[in-house]
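Source file: target_10.txt. Holds: compact mmCIF, C-alpha atoms.
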# COMPACT_ATOMS: atom_id res chain seq x y z
CA MET C 1 134.74 95.19 82.12
CA ASN C 2 133.90 93.74 85.51
CA SER C 3 135.02 90.43 86.97
CA ILE C 4 131.81 88.58 86.09
CA LYS C 5 132.31 86.84 82.74
CA LYS C 6 129.14 84.85 82.23
CA ILE C 7 125.63 84.81 83.68
CA SER C 8 122.94 82.19 83.14
CA LEU C 9 119.32 83.20 83.59
CA ILE C 10 116.90 80.28 83.90
CA MET C 11 113.16 80.55 83.29
CA PRO C 12 110.33 78.21 82.23
CA SER C 13 109.56 79.42 78.68
CA PHE C 14 108.82 82.43 76.49
CA ARG C 15 105.12 82.48 77.31
CA GLY C 16 103.46 85.76 78.26
CA GLY C 17 104.19 85.85 82.00
CA GLY C 18 105.61 88.79 83.94
CA ALA C 19 108.64 86.90 85.23
CA GLU C 20 109.60 85.83 81.71
CA ARG C 21 109.39 89.39 80.41
CA VAL C 22 111.53 90.55 83.34
CA PHE C 23 114.23 87.96 82.64
CA ILE C 24 114.39 88.90 78.96
CA ASP C 25 114.92 92.54 79.95
CA LEU C 26 117.51 91.54 82.55
CA ALA C 27 119.37 89.41 80.01
CA ASP C 28 119.37 92.34 77.60
CA GLY C 29 120.71 94.65 80.31
CA PHE C 30 123.49 92.23 81.21
CA VAL C 31 124.63 91.65 77.64
CA ASN C 32 124.65 95.40 76.96
CA ALA C 33 126.81 95.81 80.08
CA GLY C 34 129.41 93.49 78.58
CA TYR C 35 128.53 90.09 80.04
CA ILE C 36 128.22 86.78 78.22
CA VAL C 37 124.64 85.68 78.80
CA ASP C 38 122.83 82.36 78.47
CA LEU C 39 119.04 82.49 78.64
CA VAL C 40 118.02 78.96 79.62
CA VAL C 41 114.43 77.80 79.09
CA LEU C 42 112.68 74.51 79.76
CA SER C 43 110.65 74.89 76.56
CA ASP C 44 111.30 77.12 73.58
CA ASP C 45 107.74 78.32 72.97
CA GLY C 46 105.85 81.53 73.59
CA PRO C 47 105.43 85.00 72.07
CA TYR C 48 108.37 86.57 73.92
CA ARG C 49 110.93 84.52 71.96
CA GLU C 50 111.27 87.17 69.26
CA PHE C 51 112.19 89.87 71.78
CA VAL C 52 115.45 88.22 72.86
CA ASN C 53 118.59 90.18 72.01
CA LYS C 54 120.54 88.40 69.23
CA LYS C 55 123.69 88.60 71.37
CA ILE C 56 122.10 86.31 73.96
CA LYS C 57 122.49 82.56 73.60
CA VAL C 58 119.19 80.75 74.11
CA VAL C 59 119.59 77.26 75.60
CA CYS C 60 116.47 75.09 75.38
CA LEU C 61 116.44 72.02 77.64
CA SER C 62 113.25 70.63 76.05
CA GLY C 63 111.81 69.68 79.41
CA GLU C 64 108.12 69.21 80.14
CA SER C 65 108.29 70.68 83.65
CA ALA C 66 110.81 71.90 86.20
CA SER C 67 110.88 68.60 88.10
CA ARG C 68 111.33 66.55 84.91
CA SER C 69 114.17 68.84 83.82
CA PHE C 70 116.35 68.07 86.84
CA PHE C 71 118.92 65.94 85.05
CA LYS C 72 119.10 68.24 82.01
CA LEU C 73 119.58 71.24 84.29
CA LYS C 74 122.21 69.39 86.28
CA LYS C 75 124.09 68.58 83.07
CA TYR C 76 123.85 72.16 81.81
CA ILE C 77 125.03 73.67 85.09
CA LYS C 78 128.00 71.32 85.22
CA ILE C 79 129.33 72.48 81.84
CA CYS C 80 127.98 76.04 81.51
CA ASN C 81 131.09 77.76 82.88
CA SER C 82 128.95 80.55 84.34
CA THR C 83 129.91 82.42 87.45
CA THR C 84 126.32 83.31 88.38
CA ILE C 85 122.99 81.57 87.87
CA ILE C 86 119.73 83.48 88.36
CA SER C 87 116.38 81.67 88.36
CA CYS C 88 112.75 82.65 88.84
CA LEU C 89 109.53 81.18 90.28
CA THR C 90 109.40 78.89 93.31
CA HIS C 91 109.16 75.49 91.60
CA LEU C 92 112.01 76.27 89.22
CA ASN C 93 114.12 77.87 91.97
CA ILE C 94 113.90 74.62 93.95
CA ILE C 95 115.05 72.49 91.01
CA VAL C 96 117.86 74.92 90.15
CA LEU C 97 119.13 74.87 93.75
CA LEU C 98 119.07 71.04 93.79
CA SER C 99 120.72 70.80 90.36
CA SER C 100 123.43 73.27 91.40
CA ALA C 101 124.16 71.33 94.58
CA PHE C 102 124.36 67.95 92.82
CA SER C 103 126.54 69.33 90.02
CA ARG C 104 128.82 70.97 92.62
CA PHE C 105 128.44 74.36 91.02
CA LYS C 106 131.15 76.72 92.30
CA GLY C 107 129.52 80.02 91.33
CA GLN C 108 126.67 81.99 92.86
CA VAL C 109 123.01 81.02 92.70
CA ILE C 110 120.40 83.78 92.97
CA VAL C 111 116.73 82.85 93.24
CA THR C 112 113.99 85.38 92.59
CA GLU C 113 110.34 85.52 93.69
CA HIS C 114 107.99 87.46 91.40
CA ASN C 115 104.68 87.06 93.17
CA HIS C 116 103.21 87.39 96.65
CA TYR C 117 104.31 83.98 97.91
CA SER C 118 101.65 83.05 100.48
CA LEU C 119 98.64 84.29 98.49
CA GLU C 120 99.82 82.70 95.26
CA LYS C 121 100.28 79.31 96.94
CA GLU C 122 96.74 79.46 98.39
CA ASN C 123 95.44 78.80 94.88
CA LEU C 124 97.42 75.56 94.54
CA PRO C 125 96.28 72.09 95.63
CA PRO C 126 97.11 71.72 99.37
CA ILE C 127 99.64 68.91 98.88
CA LYS C 128 101.54 70.83 96.18
CA SER C 129 101.49 74.01 98.24
CA PHE C 130 102.83 72.17 101.30
CA PHE C 131 105.55 70.44 99.27
CA LEU C 132 106.74 73.71 97.73
CA LYS C 133 106.78 75.42 101.12
CA VAL C 134 108.83 72.65 102.75
CA CYS C 135 111.31 72.53 99.87
CA ALA C 136 111.67 76.31 99.73
CA ARG C 137 112.25 76.50 103.51
CA LEU C 138 114.99 73.87 103.26
CA LEU C 139 116.68 75.08 100.07
CA TYR C 140 116.35 78.88 99.92
CA PRO C 141 118.87 79.31 102.77
CA ILE C 142 121.57 77.68 100.60
CA ALA C 143 121.07 80.23 97.82
CA ASP C 144 123.69 82.95 97.75
CA HIS C 145 120.95 85.55 97.44
CA VAL C 146 117.15 85.58 97.54
CA VAL C 147 115.60 88.45 95.60
CA ALA C 148 112.04 89.75 96.00
CA VAL C 149 110.53 92.12 93.44
CA SER C 150 108.90 94.35 96.08
CA GLN C 151 109.19 95.01 99.78
CA GLY C 152 105.83 93.39 100.35
CA VAL C 153 106.99 90.18 98.66
CA ALA C 154 110.19 90.29 100.76
CA ASP C 155 108.25 90.64 104.02
CA ASP C 156 105.90 87.82 103.04
CA LEU C 157 108.80 85.53 102.11
CA SER C 158 110.54 86.18 105.41
CA ALA C 159 107.38 85.43 107.37
CA HIS C 160 106.27 82.28 105.56
CA LEU C 161 109.61 80.67 104.77
CA LYS C 162 111.26 81.70 108.05
CA LEU C 163 114.01 83.49 106.16
CA ASP C 164 116.17 86.08 107.84
CA SER C 165 114.86 89.37 106.47
CA ASN C 166 118.44 90.56 106.01
CA ARG C 167 118.97 87.78 103.47
CA VAL C 168 116.12 88.88 101.21
CA GLU C 169 117.10 91.61 98.77
CA VAL C 170 114.49 93.86 97.19
CA ILE C 171 115.08 94.66 93.52
CA TYR C 172 112.16 96.11 91.60
CA ASN C 173 111.43 94.60 88.21
CA PRO C 174 113.28 96.25 85.33
CA ILE C 175 111.19 98.40 83.00
CA ASP C 176 112.69 99.14 79.59
CA PHE C 177 111.82 102.82 79.28
CA GLU C 178 113.27 103.30 75.78
CA ARG C 179 111.70 100.14 74.33
CA ILE C 180 108.24 100.90 75.75
CA SER C 181 108.34 104.53 74.61
CA SER C 182 109.42 103.44 71.12
CA LEU C 183 106.79 100.68 70.82
CA SER C 184 104.03 103.05 71.94
CA LYS C 185 104.61 104.94 68.67
CA CYS C 186 104.63 101.82 66.48
CA ILE C 187 101.41 100.43 65.04
CA PRO C 188 101.30 96.69 65.90
CA GLU C 189 101.27 94.31 62.94
CA ASN C 190 98.21 92.47 64.24
CA ILE C 191 96.15 95.59 65.02
CA THR C 192 92.60 95.53 63.65
CA PRO C 193 90.53 98.41 62.21
CA PHE C 194 88.51 98.33 65.42
CA MET C 195 91.64 98.85 67.53
CA SER C 196 92.65 101.77 65.33
CA GLU C 197 89.21 103.31 65.79
CA LEU C 198 89.55 102.94 69.57
CA LEU C 199 92.38 105.48 69.62
CA SER C 200 89.92 108.26 68.88
CA ARG C 201 87.58 107.14 71.67
CA ARG C 202 87.76 107.14 75.47
CA TYR C 203 88.60 103.80 77.01
CA PHE C 204 90.02 102.03 80.04
CA ILE C 205 92.52 99.25 79.55
CA GLY C 206 93.41 96.14 81.53
CA ILE C 207 96.47 94.06 80.64
CA GLY C 208 97.50 90.64 81.90
CA ARG C 209 96.75 86.94 81.95
CA LEU C 210 93.08 86.01 82.20
CA VAL C 211 93.43 84.22 85.53
CA LYS C 212 91.60 84.38 88.86
CA GLN C 213 94.33 86.46 90.55
CA LYS C 214 93.70 89.41 88.20
CA ARG C 215 89.97 89.66 89.09
CA TYR C 216 88.77 90.81 85.68
CA ASP C 217 85.27 89.94 86.86
CA LEU C 218 85.62 92.78 89.36
CA MET C 219 86.91 95.15 86.67
CA ILE C 220 84.06 94.35 84.29
CA THR C 221 81.42 94.71 87.01
CA ALA C 222 82.88 98.05 88.14
CA PHE C 223 82.97 99.25 84.54
CA ARG C 224 79.28 98.39 84.19
CA GLU C 225 78.57 100.96 86.92
CA VAL C 226 80.71 103.56 85.13
CA HIS C 227 78.98 102.86 81.83
CA ARG C 228 75.58 103.58 83.37
CA TYR C 229 76.66 107.19 83.88
CA ASP C 230 78.83 107.53 80.78
CA SER C 231 77.77 105.36 77.85
CA ASP C 232 80.48 106.72 75.55
CA VAL C 233 83.40 104.95 77.23
CA PHE C 234 84.85 101.49 76.59
CA LEU C 235 86.84 98.82 78.42
CA VAL C 236 89.59 96.95 76.58
CA ILE C 237 91.29 93.89 78.09
CA LEU C 238 94.50 92.53 76.58
CA GLY C 239 95.71 89.03 77.44
CA ASP C 240 94.80 85.39 77.15
CA GLY C 241 94.24 82.66 79.70
CA PRO C 242 91.92 79.97 81.07
CA LEU C 243 89.12 82.33 82.14
CA GLU C 244 88.43 83.76 78.68
CA SER C 245 85.14 81.92 78.10
CA GLU C 246 83.96 82.69 81.63
CA LEU C 247 84.68 86.40 81.18
CA ARG C 248 82.97 86.46 77.79
CA GLN C 249 79.90 84.98 79.44
CA LEU C 250 80.00 87.66 82.15
CA ILE C 251 80.21 90.36 79.47
CA GLU C 252 77.23 88.86 77.67
CA ASP C 253 75.20 88.45 80.86
CA SER C 254 75.96 92.08 81.78
CA LYS C 255 74.87 93.22 78.29
CA LEU C 256 78.24 94.87 77.72
CA GLU C 257 79.13 93.21 74.39
CA ASN C 258 79.24 96.58 72.63
CA CYS C 259 81.57 98.29 75.10
CA VAL C 260 83.82 95.64 76.73
CA TYR C 261 86.31 93.88 74.48
CA LEU C 262 88.68 90.97 75.09
CA LEU C 263 91.33 91.47 72.42
CA GLY C 264 93.71 88.65 73.36
CA PHE C 265 97.50 88.84 73.66
CA LEU C 266 99.21 91.65 71.73
CA ASP C 267 102.94 91.63 71.07
CA ASN C 268 102.85 95.39 71.47
CA PRO C 269 100.22 96.48 74.01
CA PHE C 270 101.89 99.86 74.50
CA TYR C 271 100.31 101.40 71.41
CA LEU C 272 96.88 101.05 73.05
CA LEU C 273 98.12 101.62 76.60
CA SER C 274 99.55 105.04 75.71
CA SER C 275 96.19 106.34 74.46
CA ALA C 276 93.98 104.92 77.24
CA ASN C 277 92.25 107.21 79.71
CA ALA C 278 93.56 104.95 82.46
CA LEU C 279 95.08 101.57 83.14
CA VAL C 280 92.96 99.55 85.55
CA LEU C 281 94.43 96.81 87.72
CA SER C 282 91.93 94.87 89.82
CA SER C 283 94.11 92.05 91.19
CA ASP C 284 93.74 90.32 94.54
CA PHE C 285 97.54 90.25 94.77
CA GLU C 286 100.64 91.01 92.73
CA GLY C 287 104.35 90.59 93.12
CA PHE C 288 105.23 93.94 91.62
CA GLY C 289 102.74 94.97 88.94
CA ASN C 290 104.88 95.62 85.84
CA VAL C 291 101.99 97.01 83.86
CA ILE C 292 101.53 99.84 86.39
CA ALA C 293 105.13 101.00 85.92
CA GLU C 294 104.74 100.61 82.15
CA ALA C 295 101.64 102.81 82.21
CA LEU C 296 103.50 105.48 84.17
CA VAL C 297 106.35 105.39 81.63
CA LEU C 298 103.79 106.36 78.99
CA GLY C 299 102.09 108.99 81.16
CA THR C 300 98.87 106.95 81.40
CA PRO C 301 96.89 107.42 84.65
CA VAL C 302 96.49 104.35 86.87
CA VAL C 303 93.65 102.97 88.97
CA SER C 304 94.65 99.95 91.04
CA THR C 305 93.52 97.86 93.95
CA ASN C 306 95.76 98.38 96.95
CA CYS C 307 96.62 94.70 96.94
CA PRO C 308 99.75 93.09 98.26
CA SER C 309 102.38 93.82 97.25
CA GLY C 310 103.59 96.05 94.43
CA PRO C 311 100.99 98.68 93.46
CA SER C 312 101.28 100.91 96.54
CA GLU C 313 105.08 100.88 96.26
CA ILE C 314 105.04 101.84 92.58
CA LEU C 315 102.38 104.50 93.09
CA ALA C 316 104.00 105.85 96.29
CA ASP C 317 100.92 105.12 98.42
CA GLY C 318 98.60 106.81 95.94
CA LYS C 319 100.65 109.87 95.07
CA PHE C 320 100.99 108.80 91.42
CA GLY C 321 97.71 106.96 90.94
CA ILE C 322 94.45 106.01 92.61
CA LEU C 323 94.47 103.08 95.03
CA VAL C 324 91.25 101.39 96.15
CA GLU C 325 90.58 98.55 98.55
CA SER C 326 90.74 95.07 97.02
CA GLY C 327 87.38 93.57 96.13
CA GLU C 328 85.46 96.86 96.49
CA ILE C 329 83.46 97.22 93.27
CA ASN C 330 81.93 100.61 94.12
CA GLU C 331 85.30 102.13 95.07
CA LEU C 332 86.84 100.85 91.85
CA ALA C 333 83.96 102.21 89.78
CA GLU C 334 84.21 105.64 91.47
CA ALA C 335 87.96 105.76 90.88
CA MET C 336 87.52 104.83 87.20
CA PHE C 337 84.88 107.52 86.80
CA GLU C 338 87.18 110.04 88.48
CA THR C 339 89.91 109.46 85.89
CA LEU C 340 87.49 110.53 83.16
CA GLN C 341 87.50 113.98 84.74
CA VAL C 342 90.48 116.35 84.98
CA SER C 343 93.69 114.54 85.96
CA LYS C 344 95.32 115.59 89.23
CA LEU C 345 98.79 114.91 87.80
CA GLU C 346 100.48 116.13 84.66
CA LYS C 347 101.64 113.54 82.15
CA TYR C 348 105.30 114.43 82.64
CA GLU C 349 104.98 113.75 86.39
CA LEU C 350 103.78 110.21 85.71
CA ILE C 351 106.58 109.66 83.18
CA GLU C 352 109.23 110.85 85.64
CA ARG C 353 107.88 108.44 88.23
CA GLY C 354 107.98 105.62 85.67
CA LYS C 355 111.64 106.33 84.96
CA LYS C 356 112.46 105.37 88.55
CA PHE C 357 111.95 101.74 87.52
CA ASP C 358 114.13 101.77 84.43
CA LYS C 359 116.04 98.52 83.87
CA SER C 360 119.44 100.17 84.34
CA SER C 361 118.75 100.40 88.07
CA ALA C 362 117.77 96.72 88.38
CA VAL C 363 120.74 95.51 86.34
CA SER C 364 123.09 97.59 88.49
CA LYS C 365 121.69 96.06 91.68
CA TYR C 366 121.98 92.53 90.33
CA GLU C 367 125.57 93.27 89.31
CA LYS C 368 126.38 94.22 92.89
CA LEU C 369 124.96 90.89 94.11
CA CYS C 370 127.04 89.03 91.55
CA ARG C 371 130.18 90.69 92.82
CA GLY C 372 129.30 90.06 96.46

Final structure tokens representation of the file:
Amino acid sequence: MNSIKKISLIMPSFRGGGAERVFIDLADGFVNAGYIVDLVVLSDDGPYREFVNKKIKVVCLSGESASRSFFKLKKYIKICNSTTIISCLTHLNIIVLLSSAFSRFKGQVIVTEHNHYSLEKENLPPIKSFFLKVCARLLYPIADHVVAVSQGVADDLSAHLKLDSNRVEVIYNPIDFERISSLSKCIPENITPFMSELLSRRYFIGIGRLVKQKRYDLMITAFREVHRYDSDVFLVILGDGPLESELRQLIEDSKLENCVYLLGFLDNPFYLLSSANALVLSSDFEGFGNVIAEALVLGTPVVSTNCPSGPSEILADGKFGILVESGEINELAEAMFETLQVSKLEKYELIERGKKFDKSSAVSKYEKLCRG
């Protein structure tokens, strides 16, 4: 047993975001390594709630937002008796750093960034973006450690927040190899007859929130070009989000209703991911790109835009998947069509690459920070 007795991980909720999934896996890794773990959330809602290890104590602050949770966080931190606090996402990191300072927390505070900072903030209202940038520049230096989930995110943070690059640690997101492999063999409870039928067909799959960053419009348009040459292939998109109606309209306008399907959020997407001809990621930017590593774990080929910052690092500059320029519909379509032909890599090679991102490595690196 190491010297760290208790760790608190703080995140917004159990909704279907990448950072939340990462923190649940981290919490599981810590508790299995012998730590006492609190998983602190501002609201206790979202589909990921059921995946939390029973040994982990869930603390719900019942806050509406990070800023409105300041006093509740301050109170929790003052009495939590943790030696390390780890938080995620810029707005929450700022409130956690302020709460820790005002409660005179004696332990370590580690803040983590899960997206490409500068590009993500471009999509925010200018005043909010400016406010977050000023606060992060002032407060991140007082954190004991700043963690970025890819080297690209680390470089971007250093440049835009004027952080010393030596103070930004790179720890790739943890991927639960055993859990994903196991779930890929389990039929989801909410699977439909149509989904079952898909498994005997050829299809591409996209997974993630239906938001502008993910550029599903690009994916659908590229698939339309593929479908012109091969009408016996489908596109399946898993996830929910604010652009659902807009994407459904694009599918209808493109006359793809019989071959492109928005199937919503699935608790277990791995059952469909494991049988897909390829995972397609069409994002303008990512922090890491968890779904790429998850696809590799299952031996599923990957086609991805070479966006900042994670895909090229996971795919080793294209060695373990096809990378295309962001926004290039024709390149994406050609790459998708290529994956319908003979694969250049064996399945076991993709799986071995996926194992490089197993959660044991991430937990070990976080443990070293906690001891530092």

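In this structure, atom CA of C:Val342 sits 11.0 Å away from atom CA of C:Pro301.
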
* Could you state the separation of atom CA of C:Glu328 and atom CA of C:Ser282 in Å, given to one decimal place? ->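 Value for the atom CA of C:Glu328-atom CA of C:Ser282 distance: 9.5 Å.
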
Spatial neighbours of C:Cys60, 12 Å, only C-alpha atoms, chain gap at least 6 places, as a short mmCIF file (atom, residue, chain, number, x, y, z; two decimals) with C-alpha atoms, in the coordinates of the input:
data_model
loop_
_atom_site.label_atom_id
_atom_site.label_comp_id
_atom_site.auth_asym_id
_atom_site.auth_seq_id
_atom_site.Cartn_x
_atom_site.Cartn_y
_atom_site.Cartn_z
CA LEU C 9 119.32 83.20 83.59
CA ILE C 10 116.90 80.28 83.90
CA MET C 11 113.16 80.55 83.29
CA PRO C 12 110.33 78.21 82.23
CA SER C 13 109.56 79.42 78.68
CA PHE C 14 108.82 82.43 76.49
CA ASP C 38 122.83 82.36 78.47
CA LEU C 39 119.04 82.49 78.64
CA VAL C 40 118.02 78.96 79.62
CA VAL C 41 114.43 77.80 79.09
CA LEU C 42 112.68 74.51 79.76
CA SER C 43 110.65 74.89 76.56
CA ASP C 44 111.30 77.12 73.58
CA ASP C 45 107.74 78.32 72.97
CA ARG C 49 110.93 84.52 71.96
CA SER C 69 114.17 68.84 83.82
CA LYS C 72 119.10 68.24 82.01
CA LEU C 73 119.58 71.24 84.29
CA TYR C 76 123.85 72.16 81.81
#

* **Nearest candidate to C:Ile56 (options C:Lys6, C:Arg104, C:Gly287, C:Gly18; using only C-alpha atoms)** =>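 Once distances to C:Ile56 are computed over only C-alpha atoms, the minimum belongs to C:Lys6.
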
* To do: Using atom CA of C:Ile95 and atom CA of C:Ala136 as the two end points, give the distance in Å to one decimal.
  =>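 That distance, rounded to one decimal, is 10.1 Å.
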
* **Nearest-residue call for C:Ser99, choices C:Ile171, C:Ile77, C:Ala222, C:Val31, using all atoms listed in the file** => C:Ile77

* Which of C:Val146, C:Cys307, C:Met219, C:Leu98 sits closest to C:Leu119 [using all atoms listed in the file] ->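 Using all atoms listed in the file, C:Leu119 sits closest to C:Cys307.
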
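The shortest atom-to-atom distance to C:Val58, with all atoms listed in the file taken into account, belongs to C:Ile24 out of C:Val260, C:Ile127, C:Ile85, C:Ile24.
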
* Skipping near chain neighbours, those fewer than 6 positions away, what residues fall within 9 Å of C:Ser103 using all atoms listed in the file, listed as a list in words? ->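 Non-adjacent residues within range: Lys74, Lys75, Ile77 and Lys78 of chain C.
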
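Here the question is which of C:Leu369, C:Val280, C:Val363, C:Ile314 gets nearest to C:Thr339 using all atoms listed in the file, and that residue is C:Val280.
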
Which polymer residues, protein or nucleic acid, are no farther than 6 Å from (103.5, 92.3, 102.5), counting only C-alpha atoms, as a PDB file with C-alpha atoms, keeping the file's coordinate frame?
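Here's the written file part.pdb:
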ATOM      1  CA  GLY C 152     105.830  93.390 100.350  1.00  0.00           C
ATOM      2  CA  VAL C 153     106.990  90.180  98.660  1.00  0.00           C
ATOM      3  CA  ASP C 155     108.250  90.640 104.020  1.00  0.00           C
ATOM      4  CA  ASP C 156     105.900  87.820 103.040  1.00  0.00           C
ATOM      5  CA  PRO C 308      99.750  93.090  98.260  1.00  0.00           C
ATOM      6  CA  SER C 309     102.380  93.820  97.250  1.00  0.00           C
TER       7      SER C 309
END

* Asked: Hey, what's within 10 Å of C:Leu97 if we count only C-alpha atoms and toss same-chain stuff fewer than 5 positions away? As a ChimeraX atom specification, please?
  -> /C:74,85,87,92,102-103,105,109-111,136,139-140,142-143

* Asked: In terms of the shortest atom-to-atom distance over all atoms listed in the file, which of C:Glu225, C:Glu20, C:Glu334, C:Glu64 is closest to C:Gly46?
  ->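 Residue with the minimum atom-to-atom distance to C:Gly46: C:Glu20.
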
* Find the residues around stretch 345-362 of chain C up to 10 Å (all atoms listed in the file counted), leave out those fewer than 3 positions away in its own chain, and share them as number ranges by chain. => C: 22, 25-26, 28-30, 33, 149, 170-178, 290, 292-302, 314-316, 319-321, 342, 365-367

Complete the atom set of stretch 219-236 of chain C to N, CA, C and O atoms and return it as an mmCIF file, in the frame of the given file.
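The new file out-v2.cif reads:
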data_model
loop_
_atom_site.group_PDB
_atom_site.id
_atom_site.type_symbol
_atom_site.label_atom_id
_atom_site.label_comp_id
_atom_site.auth_asym_id
_atom_site.auth_seq_id
_atom_site.Cartn_x
_atom_site.Cartn_y
_atom_site.Cartn_z
ATOM 1 N N MET C 219 86.711 94.021 87.573
ATOM 2 C CA MET C 219 86.910 95.150 86.670
ATOM 3 C C MET C 219 85.705 95.358 85.766
ATOM 4 O O MET C 219 85.229 96.488 85.582
ATOM 5 N N ILE C 220 85.203 94.265 85.209
ATOM 6 C CA ILE C 220 84.060 94.350 84.290
ATOM 7 C C ILE C 220 82.808 94.820 85.023
ATOM 8 O O ILE C 220 82.056 95.676 84.521
ATOM 9 N N THR C 221 82.599 94.309 86.234
ATOM 10 C CA THR C 221 81.420 94.710 87.010
ATOM 11 C C THR C 221 81.509 96.182 87.410
ATOM 12 O O THR C 221 80.505 96.916 87.378
ATOM 13 N N ALA C 222 82.695 96.638 87.794
ATOM 14 C CA ALA C 222 82.880 98.050 88.140
ATOM 15 C C ALA C 222 82.663 98.928 86.904
ATOM 16 O O ALA C 222 82.035 99.998 86.993
ATOM 17 N N PHE C 223 83.156 98.467 85.769
ATOM 18 C CA PHE C 223 82.970 99.250 84.540
ATOM 19 C C PHE C 223 81.493 99.375 84.187
ATOM 20 O O PHE C 223 81.050 100.422 83.691
ATOM 21 N N ARG C 224 80.713 98.332 84.461
ATOM 22 C CA ARG C 224 79.280 98.390 84.190
ATOM 23 C C ARG C 224 78.641 99.572 84.912
ATOM 24 O O ARG C 224 77.774 100.266 84.364
ATOM 25 N N GLU C 225 79.099 99.821 86.153
ATOM 26 C CA GLU C 225 78.570 100.960 86.920
ATOM 27 C C GLU C 225 78.992 102.280 86.277
ATOM 28 O O GLU C 225 78.202 103.234 86.213
ATOM 29 N N VAL C 226 80.232 102.344 85.800
ATOM 30 C CA VAL C 226 80.710 103.560 85.130
ATOM 31 C C VAL C 226 79.907 103.812 83.864
ATOM 32 O O VAL C 226 79.505 104.942 83.569
ATOM 33 N N HIS C 227 79.663 102.740 83.115
ATOM 34 C CA HIS C 227 78.980 102.860 81.830
ATOM 35 C C HIS C 227 77.541 103.338 81.979
ATOM 36 O O HIS C 227 76.974 103.942 81.054
ATOM 37 N N ARG C 228 76.941 103.092 83.127
ATOM 38 C CA ARG C 228 75.580 103.580 83.370
ATOM 39 C C ARG C 228 75.512 105.098 83.369
ATOM 40 O O ARG C 228 74.506 105.699 82.990
ATOM 41 N N TYR C 229 76.607 105.723 83.799
ATOM 42 C CA TYR C 229 76.660 107.190 83.880
ATOM 43 C C TYR C 229 77.319 107.819 82.651
ATOM 44 O O TYR C 229 77.129 108.996 82.369
ATOM 45 N N ASP C 230 78.129 107.012 81.958
ATOM 46 C CA ASP C 230 78.830 107.530 80.780
ATOM 47 C C ASP C 230 78.869 106.415 79.736
ATOM 48 O O ASP C 230 79.743 105.546 79.758
ATOM 49 N N SER C 231 77.905 106.449 78.820
ATOM 50 C CA SER C 231 77.770 105.360 77.850
ATOM 51 C C SER C 231 78.752 105.460 76.685
ATOM 52 O O SER C 231 78.779 104.581 75.831
ATOM 53 N N ASP C 232 79.548 106.520 76.661
ATOM 54 C CA ASP C 232 80.480 106.720 75.550
ATOM 55 C C ASP C 232 81.913 106.361 75.946
ATOM 56 O O ASP C 232 82.865 106.992 75.493
ATOM 57 N N VAL C 233 82.073 105.373 76.804
ATOM 58 C CA VAL C 233 83.400 104.950 77.230
ATOM 59 C C VAL C 233 83.471 103.427 77.109
ATOM 60 O O VAL C 233 82.457 102.723 77.224
ATOM 61 N N PHE C 234 84.673 102.912 76.841
ATOM 62 C CA PHE C 234 84.850 101.490 76.590
ATOM 63 C C PHE C 234 85.850 100.893 77.583
ATOM 64 O O PHE C 234 86.609 101.612 78.239
ATOM 65 N N LEU C 235 85.845 99.564 77.656
ATOM 66 C CA LEU C 235 86.840 98.820 78.420
ATOM 67 C C LEU C 235 87.494 97.808 77.489
ATOM 68 O O LEU C 235 86.797 97.009 76.848
ATOM 69 N N VAL C 236 88.811 97.856 77.427
ATOM 70 C CA VAL C 236 89.590 96.950 76.580
ATOM 71 C C VAL C 236 90.478 96.098 77.477
ATOM 72 O O VAL C 236 91.188 96.635 78.338
#
